[in-house]
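run.cif follows (mmCIF, C-alpha atoms and all ligand atoms):
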data_my_file
#
loop_
_atom_site.label_atom_id
_atom_site.label_comp_id
_atom_site.auth_asym_id
_atom_site.auth_seq_id
_atom_site.Cartn_x
_atom_site.Cartn_y
_atom_site.Cartn_z
CA MET A 19 87.56 67.81 68.47
CA LYS A 20 91.25 68.68 67.99
CA ILE A 21 91.70 72.12 66.44
CA LYS A 22 94.83 74.02 65.47
CA PHE A 23 94.75 77.64 66.65
CA LYS A 24 96.90 80.01 64.63
CA ILE A 25 97.50 83.18 66.63
CA ARG A 26 99.22 86.32 65.42
CA ARG A 27 101.87 87.19 67.95
CA TYR A 28 104.05 90.24 68.43
CA ASN A 29 106.17 91.57 71.25
CA PRO A 30 108.16 94.69 70.39
CA ALA A 31 110.02 94.44 73.74
CA GLU A 32 111.96 91.35 72.55
CA ALA A 33 114.24 91.56 69.50
CA GLU A 34 113.26 88.12 68.12
CA THR A 35 109.51 88.85 68.29
CA ALA A 36 109.57 92.49 67.20
CA GLU A 37 107.94 91.54 63.87
CA PRO A 38 104.48 89.91 63.92
CA TYR A 39 104.46 86.15 63.36
CA ILE A 40 101.95 83.30 63.54
CA GLN A 41 102.22 80.72 66.33
CA ALA A 42 100.19 77.51 66.27
CA TYR A 43 98.68 75.68 69.27
CA MET A 44 96.73 72.39 69.23
CA LEU A 45 93.74 72.24 71.53
CA ASP A 46 91.06 69.71 72.38
CA VAL A 47 87.85 71.71 71.91
CA PRO A 48 84.60 70.50 73.49
CA GLU A 49 81.19 71.52 72.06
CA GLY A 50 80.27 75.04 73.21
CA MET A 51 83.79 76.24 74.04
CA THR A 52 84.24 79.94 73.24
CA VAL A 53 87.30 81.49 71.63
CA LEU A 54 88.02 83.25 74.93
CA GLU A 55 87.92 79.96 76.85
CA ALA A 56 90.29 78.47 74.27
CA LEU A 57 92.71 81.39 74.71
CA LEU A 58 92.54 80.99 78.50
CA ASN A 59 93.24 77.27 78.11
CA ILE A 60 96.30 77.99 75.98
CA VAL A 61 97.61 80.43 78.58
CA ASP A 62 96.97 78.00 81.47
CA ASP A 63 98.32 74.82 79.85
CA GLN A 64 100.68 75.76 77.04
CA ASP A 65 101.98 79.32 76.91
CA PRO A 66 101.63 81.87 79.72
CA THR A 67 103.26 84.56 77.56
CA LEU A 68 100.26 84.87 75.22
CA SER A 69 98.60 88.26 75.82
CA PHE A 70 94.99 89.33 75.25
CA ARG A 71 92.33 91.36 77.02
CA LYS A 72 89.22 90.13 78.78
CA SER A 73 87.12 90.90 81.80
CA CYS A 74 83.41 90.05 82.02
CA ARG A 75 83.33 86.89 79.82
CA SER A 76 79.68 87.79 79.14
CA ALA A 77 79.73 90.18 76.16
CA ILE A 78 79.26 93.17 78.48
CA CYS A 79 82.65 94.85 78.93
CA GLY A 80 83.75 94.88 75.27
CA SER A 81 87.40 94.19 76.11
CA CYS A 82 87.94 90.82 74.37
CA ALA A 83 87.33 91.91 70.75
CA VAL A 84 89.73 90.26 68.30
CA SER A 85 89.76 89.30 64.64
CA ILE A 86 88.57 85.70 64.19
CA ASN A 87 89.19 84.29 60.72
CA GLY A 88 89.33 87.83 59.37
CA PHE A 89 86.24 89.27 61.09
CA SER A 90 86.02 91.36 64.26
CA LYS A 91 84.16 89.59 67.05
CA LEU A 92 83.97 89.29 70.81
CA ALA A 93 86.03 86.23 71.80
CA CYS A 94 83.72 85.53 74.74
CA ASN A 95 80.54 85.14 72.70
CA THR A 96 82.01 83.33 69.71
CA GLN A 97 82.03 79.56 69.80
CA VAL A 98 85.07 77.81 68.33
CA ILE A 99 83.53 74.80 66.56
CA PRO A 100 80.95 76.65 64.39
CA GLU A 101 83.64 79.22 63.45
CA TYR A 102 86.09 76.46 62.59
CA LYS A 103 83.52 74.59 60.50
CA LYS A 104 82.60 77.76 58.62
CA ALA A 105 86.13 78.92 57.81
CA GLY A 106 88.05 75.62 57.82
CA GLU A 107 90.63 77.13 60.18
CA MET A 108 90.97 79.11 63.38
CA LEU A 109 93.08 82.23 62.87
CA ILE A 110 93.07 84.79 65.67
CA GLU A 111 94.60 88.22 65.15
CA PRO A 112 94.46 91.65 66.77
CA LEU A 113 91.67 94.02 65.63
CA ALA A 114 92.32 95.68 62.27
CA ASN A 115 92.58 99.50 62.06
CA HIS A 116 94.21 99.48 65.54
CA THR A 117 97.90 99.42 66.38
CA PRO A 118 98.98 96.17 68.08
CA LEU A 119 100.84 96.64 71.37
CA LYS A 120 101.51 93.00 72.23
CA ASP A 121 99.99 89.86 70.69
CA LEU A 122 96.20 90.40 70.59
CA ILE A 123 96.24 93.60 72.64
CA VAL A 124 95.79 96.77 70.61
CA ASP A 125 96.20 100.44 71.45
CA PHE A 126 92.77 101.78 72.39
CA ALA A 127 93.95 105.36 73.09
CA PRO A 128 92.84 106.61 69.61
CA PHE A 129 89.42 104.98 70.17
CA TRP A 130 88.95 106.91 73.42
CA ARG A 131 90.21 110.15 71.87
CA LYS A 132 87.55 109.85 69.16
CA MET A 133 84.96 109.19 71.85
CA GLU A 134 86.12 112.27 73.80
CA LYS A 135 85.78 114.38 70.64
CA VAL A 136 82.01 113.86 70.63
CA ALA A 137 81.72 114.86 74.33
CA PRO A 138 79.60 111.82 75.25
CA TYR A 139 77.43 113.42 77.93
CA LEU A 140 74.29 115.53 77.89
CA THR A 141 74.63 119.32 78.03
CA PRO A 142 71.09 120.64 78.61
CA GLU A 143 70.38 124.27 77.84
CA GLU A 144 70.61 126.39 80.98
CA GLY A 145 67.21 127.52 82.25
CA ALA A 146 65.29 125.44 79.69
CA PRO A 147 62.11 123.79 81.03
CA THR A 148 62.55 120.15 82.05
CA MET A 149 61.28 117.81 79.36
CA ALA A 150 59.79 114.43 80.13
CA VAL A 151 61.34 111.66 78.02
CA THR A 152 58.61 109.62 76.33
CA PRO A 153 58.99 105.96 75.26
CA LYS A 154 59.14 107.22 71.64
CA ASP A 155 62.06 109.54 72.52
CA GLU A 156 63.80 106.66 74.25
CA GLU A 157 63.30 104.39 71.24
CA ARG A 158 65.08 106.89 68.97
CA VAL A 159 68.41 106.52 70.80
CA ASP A 160 67.92 103.11 72.34
CA ARG A 161 70.19 101.15 70.02
CA SER A 162 73.04 103.63 70.50
CA GLN A 163 73.06 103.04 74.23
CA ARG A 164 73.76 99.33 73.82
CA CYS A 165 77.39 100.00 72.82
CA VAL A 166 80.01 98.21 74.92
CA MET A 167 82.95 100.10 73.32
CA CYS A 168 84.50 96.95 71.88
CA GLY A 169 85.88 98.63 68.74
CA CYS A 170 84.67 95.92 66.30
CA CYS A 171 82.90 98.55 64.17
CA ASN A 172 85.98 100.78 63.91
CA ALA A 173 88.09 97.74 63.06
CA GLU A 174 85.80 96.89 60.13
CA CYS A 175 85.30 100.47 58.92
CA ASN A 176 86.44 101.09 55.34
CA SER A 177 86.64 104.86 55.83
CA MET A 178 88.84 104.47 58.87
CA ALA A 179 91.10 102.10 56.94
CA ILE A 180 92.05 104.97 54.62
CA ASP A 181 91.81 107.87 57.08
CA GLU A 182 92.83 107.34 60.69
CA LYS A 183 91.50 110.81 61.55
CA TYR A 184 87.96 109.77 60.59
CA ILE A 185 85.77 110.06 63.66
CA ALA A 186 84.57 106.48 62.99
CA PRO A 187 81.34 104.59 63.76
CA ALA A 188 81.63 103.95 67.51
CA ALA A 189 81.95 107.67 68.33
CA LEU A 190 79.22 108.55 65.82
CA ALA A 191 76.83 106.07 67.42
CA LYS A 192 77.60 107.72 70.77
CA ALA A 193 77.12 111.18 69.22
CA TRP A 194 73.61 110.19 68.13
CA ARG A 195 72.89 108.97 71.67
CA ILE A 196 73.40 112.60 72.79
CA VAL A 197 72.17 114.58 69.77
CA GLY A 198 69.02 112.43 69.51
CA ASP A 199 68.15 113.00 73.17
CA VAL A 200 65.33 115.53 73.53
CA ARG A 201 67.04 117.02 76.62
CA GLU A 202 70.25 117.95 74.79
CA GLY A 203 70.72 121.72 74.54
CA ASN A 204 73.64 121.90 72.10
CA ALA A 205 72.53 119.56 69.35
CA LYS A 206 73.08 122.11 66.57
CA LYS A 207 76.64 122.96 67.68
CA ARG A 208 77.43 119.26 67.91
CA LEU A 209 76.03 118.64 64.42
CA GLU A 210 78.12 121.51 63.03
CA ARG A 211 81.28 119.95 64.46
CA LEU A 212 80.32 116.50 63.17
CA SER A 213 79.83 117.99 59.68
CA GLU A 214 83.48 119.07 59.48
CA GLU A 215 86.23 117.20 57.63
CA HIS A 216 86.85 113.64 58.97
CA GLY A 217 83.32 113.76 60.41
CA MET A 218 80.06 111.97 59.73
CA TRP A 219 79.92 112.77 56.01
CA ASP A 220 83.10 110.74 55.41
CA CYS A 221 81.21 107.49 55.96
CA VAL A 222 80.96 105.57 52.67
CA ARG A 223 77.98 103.50 53.85
CA CYS A 224 79.71 100.13 53.49
CA VAL A 225 77.47 98.82 56.34
CA HIS A 226 80.37 96.90 57.96
CA CYS A 227 79.95 98.67 61.30
CA THR A 228 76.34 97.53 61.52
CA GLN A 229 77.13 94.05 60.21
CA TYR A 230 79.89 93.33 62.74
CA CYS A 231 78.58 95.10 65.84
CA PRO A 232 78.03 92.35 68.45
CA LYS A 233 75.41 94.42 70.31
CA ASP A 234 73.15 95.39 67.41
CA VAL A 235 73.90 99.09 67.84
CA SER A 236 73.69 99.81 64.10
CA PRO A 237 76.15 102.73 63.91
CA LEU A 238 75.19 103.35 60.29
CA LYS A 239 71.59 104.02 61.33
CA ALA A 240 72.95 106.50 63.91
CA ILE A 241 75.01 108.19 61.18
CA GLU A 242 71.92 108.48 58.97
CA GLU A 243 70.00 110.05 61.86
CA LEU A 244 72.83 112.53 62.50
CA ARG A 245 73.02 113.50 58.83
CA SER A 246 69.28 113.96 58.61
CA ALA A 247 69.26 116.05 61.81
CA ALA A 248 72.09 118.24 60.46
CA MET A 249 70.21 118.89 57.23
CA LYS A 250 67.03 119.75 59.12
CA GLU A 251 69.11 122.31 61.05
CA GLY A 252 70.28 123.81 57.74
CA ILE A 253 73.90 122.64 58.12
CA THR A 254 74.41 122.02 54.42
CA ASP A 255 77.61 123.83 53.48
CA ASN A 256 79.69 120.69 52.98
CA PRO A 257 80.09 118.21 50.08
CA GLY A 258 78.17 115.42 51.85
CA ALA A 259 75.04 117.48 52.48
CA LYS A 260 75.28 119.08 49.03
CA HIS A 261 75.39 115.61 47.50
CA VAL A 262 72.19 114.65 49.34
CA GLU A 263 70.49 117.89 48.27
CA ALA A 264 71.53 117.31 44.66
CA MET A 265 70.12 113.78 44.82
CA LYS A 266 66.86 115.01 46.32
CA ASP A 267 66.51 117.77 43.68
CA SER A 268 67.26 115.41 40.83
CA VAL A 269 64.66 112.85 41.89
CA GLU A 270 62.11 115.59 42.60
CA ARG A 271 62.60 117.15 39.14
CA PHE A 272 63.12 114.10 36.96
CA GLY A 273 62.11 111.09 39.06
CA ARG A 274 65.66 109.72 38.74
CA LEU A 275 69.29 110.59 39.34
CA ASP A 276 71.19 112.87 37.01
CA GLU A 277 74.68 111.83 38.10
CA ALA A 278 76.57 114.35 35.97
CA ALA A 279 74.62 117.30 37.39
CA MET A 280 75.04 115.85 40.89
CA THR A 281 78.83 116.01 40.56
CA PHE A 282 78.67 119.73 39.75
CA LYS A 283 76.24 120.45 42.57
CA THR A 284 78.29 118.44 45.08
CA LEU A 285 81.79 119.60 44.23
CA GLY A 286 81.18 122.97 42.57
CA PHE A 287 82.34 123.91 39.06
CA LEU A 288 86.14 124.06 39.58
CA ARG A 289 86.50 120.84 41.55
CA SER A 290 84.21 119.07 39.08
CA LEU A 291 86.66 119.89 36.27
CA GLY A 292 89.17 117.68 38.11
CA MET A 293 86.71 114.79 37.68
CA ILE A 294 86.81 114.98 33.86
CA PRO A 295 89.60 112.34 33.45
CA PHE A 296 87.60 110.03 35.73
CA GLY A 297 84.44 110.69 33.67
CA LEU A 298 86.31 109.91 30.45
CA ARG A 299 87.55 106.60 31.91
CA MET A 300 83.97 105.78 32.95
CA GLU A 301 82.74 106.59 29.44
CA LYS A 302 85.44 104.33 27.96
CA HIS A 303 84.25 101.43 30.11
CA GLY A 304 80.57 102.05 29.33
CA LYS A 305 79.83 103.19 32.88
CA LEU A 306 78.17 106.52 32.07
CA PRO A 307 74.38 106.51 31.85
CA ARG A 308 72.97 106.83 28.31
CA PRO A 309 71.59 109.06 27.03
CA HIS A 310 73.62 111.61 29.06
CA ILE A 311 70.67 114.00 29.12
CA PHE A 312 67.44 112.19 29.84
CA ALA A 313 63.82 113.09 30.16
CA GLN A 314 61.80 112.94 33.34
CA ILE A 315 60.00 109.71 34.12
CA GLU A 316 56.31 109.21 33.46
CA ASP A 317 54.11 109.58 36.55
CA LEU A 318 56.38 112.18 38.12
CA ASP A 319 53.29 113.30 40.04
CA GLU A 320 53.53 110.13 42.15
CA VAL A 321 57.11 111.07 43.16
CA LYS A 322 55.98 114.58 44.04
CA LYS A 323 53.28 113.16 46.31
CA ILE A 324 55.96 111.26 48.26
CA TYR A 325 57.96 114.46 48.68
CA GLU A 326 54.88 116.38 49.84
CA GLU A 327 54.04 113.70 52.39
CA ALA A 328 57.64 113.63 53.70
CA GLU A 329 57.61 117.42 54.07
CA ARG A 330 54.23 117.36 55.83
CA ARG A 331 55.49 114.80 58.35
CA ALA A 332 58.75 116.70 58.95
CA GLU A 333 56.81 119.91 59.57
CA ALA A 334 54.41 118.16 62.00
CA GLU A 335 57.36 116.62 63.88
CA LYS A 336 59.07 120.02 64.14
CA LYS A 337 55.92 121.71 65.47
CA GLU A 338 55.36 118.96 68.04
CA MET A 339 58.94 119.30 69.31
CA GLU A 340 58.70 123.10 69.48
CA SER A 341 55.53 122.93 71.53
CA ARG A 342 57.06 120.34 73.91
CA LYS A 343 60.13 122.50 74.38
CA LYS A 344 57.97 125.48 75.34
CA GLY A 345 56.61 123.25 78.12
S1 LIG B 401 79.08 102.32 57.10
FE1 LIG B 401 80.39 104.12 57.33
S2 LIG B 401 81.00 104.18 59.48
FE2 LIG B 401 80.13 102.13 59.05
S3 LIG B 401 81.92 100.89 58.60
FE3 LIG B 401 81.19 101.67 56.61
S4 LIG B 401 82.29 103.60 56.25
FE4 LIG B 401 82.57 103.03 58.41
S1 LIG B 402 78.93 100.24 68.18
FE1 LIG B 402 78.96 98.00 68.41
S2 LIG B 402 80.86 97.38 67.44
FE2 LIG B 402 81.02 99.56 67.77
S3 LIG B 402 82.08 99.76 69.72
FE3 LIG B 402 79.88 99.79 70.16
S4 LIG B 402 79.32 97.68 70.58
FE4 LIG B 402 81.31 97.63 69.60
S1 LIG B 403 85.22 89.56 78.13
FE1 LIG B 403 83.84 91.21 78.33
S2 LIG B 403 82.94 91.37 76.38
FE2 LIG B 403 84.18 89.61 76.24
#
Have the structure of the file written as structure tokens, please.
Ligand code: SF4
Ligand code: SF4
Ligand code: FES
Amino acid sequence: MKIKFKIRRYNPAEAETAEPYIQAYMLDVPEGMTVLEALLNIVDDQDPTLSFRKSCRSAICGSCAVSINGFSKLACNTQVIPEYKKAGEMLIEPLANHTPLKDLIVDFAPFWRKMEKVAPYLTPEEGAPTMAVTPKDEERVDRSQRCVMCGCCNAECNSMAIDEKYIAPAALAKAWRIVGDVREGNAKKRLERLSEEHGMWDCVRCVHCTQYCPKDVSPLKAIEELRSAAMKEGITDNPGAKHVEAMKDSVERFGRLDEAAMTFKTLGFLRSLGMIPFGLRMEKHGKLPRPHIFAQIEDLDEVKKIYEEAERRAEAEKKEMESRKKG
């Protein structure tokens, strides 16, 4: 099948290619050919100046991630023909949310700096008794260890698109790998750092990181685990944790969300005043819940039972961990 490949090119070293542009290449594509094989074909037979990264060709090293028809994927485990049939074209570009260096190669230095920020290695407490890692412990962090550092999640992250300082999903998945490990001795300190500005609470839960991760790491699940662990440690003096507490209180008291009260509890009185113009616009467009003050639901007792059960399980889990740590 003959397919036209449109590739975003850029070479700041040459004056005539210092602005990104699209270059087209025609290629005969057999069934099963991957995007990486197509790129290698283009380099071998048509244009040796085309630049991209690759190493393992087996979805292990994470180096060949690119944007294919607008979505971040590994070039070596993406077949051309199904992609072409789905999108009606074959457009290959550098990863979004990363600065292109040349053609499809992007600057990965910020990715590694974010990774360094979470200190991705265990720091056991000195003198603490050795703890055996059970299969259940292993299961908790298992998905986080599948990461091949490809950057697809960061490229698709909506929070990172508006804040380049955001720690971003790949580093957060790695942070959970360490914090969720029963042998880690500095989990609380790590969670405190992750709760700061540009940290884990800046995730807007768009689910893109989980959707586009080629190794099923589920960074969003890792972020949820980190947030839950931070709250269990009492690290709640930040808008994200306050928002969760306000939500929990509202459902516990009324069986539903009181969004107006949640704003005050999350942002505090003064900052909430700044939200009044936004609230008025919502009211104008019929987006505020009516009535504004509502009664609790019937059968609130059923909701309370769920809370009691959740608290009982959390307490049992805490006691079990404490007794294991004592040895
Ligand atoms: S869920 Fe959070 S971390 Fe994942 S892509 Fe969306 S904003 Fe980013
Ligand atoms: S979490 Fe998934 S998408 Fe993100 S860097 Fe790791 S392997 Fe790639
Ligand atoms: S070349 Fe290694 S993951 Fe694609």
### Task
Fewer than 4 positions away in the same chain doesn't count, so skip those; otherwise give me all residues within 6 Å of Pro142 (chain A), counting all atoms listed in the file, as an MDAnalysis selection string.
chainID A and resid 201:203
Put a box with edges along x, y and z around all the listed atoms of region 171-177 of chain A, pad it by 4 Å on each side, then give me its centre and sizes in Å, one decimal, as lines of an AutoDock Vina configuration file.
center_x = 85.5
center_y = 100.9
center_z = 59.8
size_x = 13.2
size_y = 16.0
size_z = 16.8
### Message
Show me which residues are within 7 Å of ligand LIG 401 (chain B) counting all atoms listed in the file, and format the list as JSON, numbers by chain.
### Response
{"A": [171, 172, 174, 175, 176, 177, 178, 186, 187, 221, 222, 223, 224, 225, 226, 227, 228, 237, 238]}
### Long-range neighbours of Gly198 (chain A) as a ChimeraX atom specification, 8 Å cut-off, all atoms listed in the file, 2 positions minimum in chain
/A:158-159,194-196,200,202,205,244
Interface rows for chain A against ligand LIG 403 (chain B): nearest pair, Å to one decimal, 6 Å, all atoms listed in the file, as JSON lines:
{"residue": "A:Lys72", "atom": "CA", "partner": "B:LIG403", "partner_atom": "S1", "distance": 4.1}
{"residue": "A:Ser73", "atom": "CA", "partner": "B:LIG403", "partner_atom": "S1", "distance": 4.3}
{"residue": "A:Cys74", "atom": "CA", "partner": "B:LIG403", "partner_atom": "FE1", "distance": 3.9}
{"residue": "A:Arg75", "atom": "CA", "partner": "B:LIG403", "partner_atom": "S1", "distance": 3.7}
{"residue": "A:Ser76", "atom": "CA", "partner": "B:LIG403", "partner_atom": "FE1", "distance": 5.4}
{"residue": "A:Ala77", "atom": "CA", "partner": "B:LIG403", "partner_atom": "S2", "distance": 3.4}
{"residue": "A:Ile78", "atom": "CA", "partner": "B:LIG403", "partner_atom": "S2", "distance": 4.6}
{"residue": "A:Cys79", "atom": "CA", "partner": "B:LIG403", "partner_atom": "FE1", "distance": 3.9}
{"residue": "A:Gly80", "atom": "CA", "partner": "B:LIG403", "partner_atom": "S2", "distance": 3.8}
{"residue": "A:Ser81", "atom": "CA", "partner": "B:LIG403", "partner_atom": "FE1", "distance": 5.1}
{"residue": "A:Cys82", "atom": "CA", "partner": "B:LIG403", "partner_atom": "FE2", "distance": 4.4}
{"residue": "A:Leu92", "atom": "CA", "partner": "B:LIG403", "partner_atom": "FE2", "distance": 5.4}
{"residue": "A:Ala93", "atom": "CA", "partner": "B:LIG403", "partner_atom": "FE2", "distance": 5.9}
{"residue": "A:Cys94", "atom": "CA", "partner": "B:LIG403", "partner_atom": "FE2", "distance": 4.4}
### Query
Leaving out Glu210 (chain A) and any residue of its chain fewer than 4 positions from it, which residues lie within 7 Å of it when counting all atoms listed in the file, given as a list in words?
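Using all atoms listed in the file, the neighbours found are Lys206, Glu214 and Ile253 of chain A.
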### Query
Hey, which of A:Lys132, A:Lys343, A:Lys22, A:Arg211 ends up closest to Gly106 (chain A)? Count all atoms listed in the file.
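Result for the nearest residue to Gly106 (chain A): A:Lys22.
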How close does each residue of chain A get to ligand LIG 402 (chain B), giving the shortest atom pair and distance in Å to one decimal for every residue with an atom at most 7 Å away, counting all atoms listed in the file, sorted by chain and residue number, as JSON lines?
{"residue": "A:Gly80", "atom": "CA", "partner": "B:LIG402", "partner_atom": "FE4", "distance": 6.8}
{"residue": "A:Arg164", "atom": "CA", "partner": "B:LIG402", "partner_atom": "S4", "distance": 6.6}
{"residue": "A:Cys165", "atom": "CA", "partner": "B:LIG402", "partner_atom": "FE3", "distance": 3.6}
{"residue": "A:Val166", "atom": "CA", "partner": "B:LIG402", "partner_atom": "S4", "distance": 4.4}
{"residue": "A:Met167", "atom": "CA", "partner": "B:LIG402", "partner_atom": "S3", "distance": 3.7}
{"residue": "A:Cys168", "atom": "CA", "partner": "B:LIG402", "partner_atom": "FE4", "distance": 4.0}
{"residue": "A:Gly169", "atom": "CA", "partner": "B:LIG402", "partner_atom": "S3", "distance": 4.1}
{"residue": "A:Cys170", "atom": "CA", "partner": "B:LIG402", "partner_atom": "S2", "distance": 4.2}
{"residue": "A:Cys171", "atom": "CA", "partner": "B:LIG402", "partner_atom": "S2", "distance": 4.0}
{"residue": "A:Asn172", "atom": "CA", "partner": "B:LIG402", "partner_atom": "FE2", "distance": 6.4}
{"residue": "A:Pro187", "atom": "CA", "partner": "B:LIG402", "partner_atom": "FE2", "distance": 6.4}
{"residue": "A:Ala188", "atom": "CA", "partner": "B:LIG402", "partner_atom": "FE2", "distance": 4.4}
{"residue": "A:Ala191", "atom": "CA", "partner": "B:LIG402", "partner_atom": "S1", "distance": 6.2}
{"residue": "A:Cys227", "atom": "CA", "partner": "B:LIG402", "partner_atom": "S2", "distance": 6.3}
{"residue": "A:Tyr230", "atom": "CA", "partner": "B:LIG402", "partner_atom": "S2", "distance": 6.3}
{"residue": "A:Cys231", "atom": "CA", "partner": "B:LIG402", "partner_atom": "S2", "distance": 3.6}
{"residue": "A:Pro232", "atom": "CA", "partner": "B:LIG402", "partner_atom": "FE1", "distance": 5.7}
{"residue": "A:Lys233", "atom": "CA", "partner": "B:LIG402", "partner_atom": "S4", "distance": 5.1}
{"residue": "A:Asp234", "atom": "CA", "partner": "B:LIG402", "partner_atom": "FE1", "distance": 6.4}
{"residue": "A:Val235", "atom": "CA", "partner": "B:LIG402", "partner_atom": "S1", "distance": 5.2}
{"residue": "A:Ser236", "atom": "CA", "partner": "B:LIG402", "partner_atom": "S1", "distance": 6.7}
{"residue": "A:Pro237", "atom": "CA", "partner": "B:LIG402", "partner_atom": "S1", "distance": 5.7}
### Task
Using CA of Met280 (chain A) and CA of Glu335 (chain A) as the two end points, give the distance in Å to one decimal.
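Here the two named atoms are 29.0 Å from each other.
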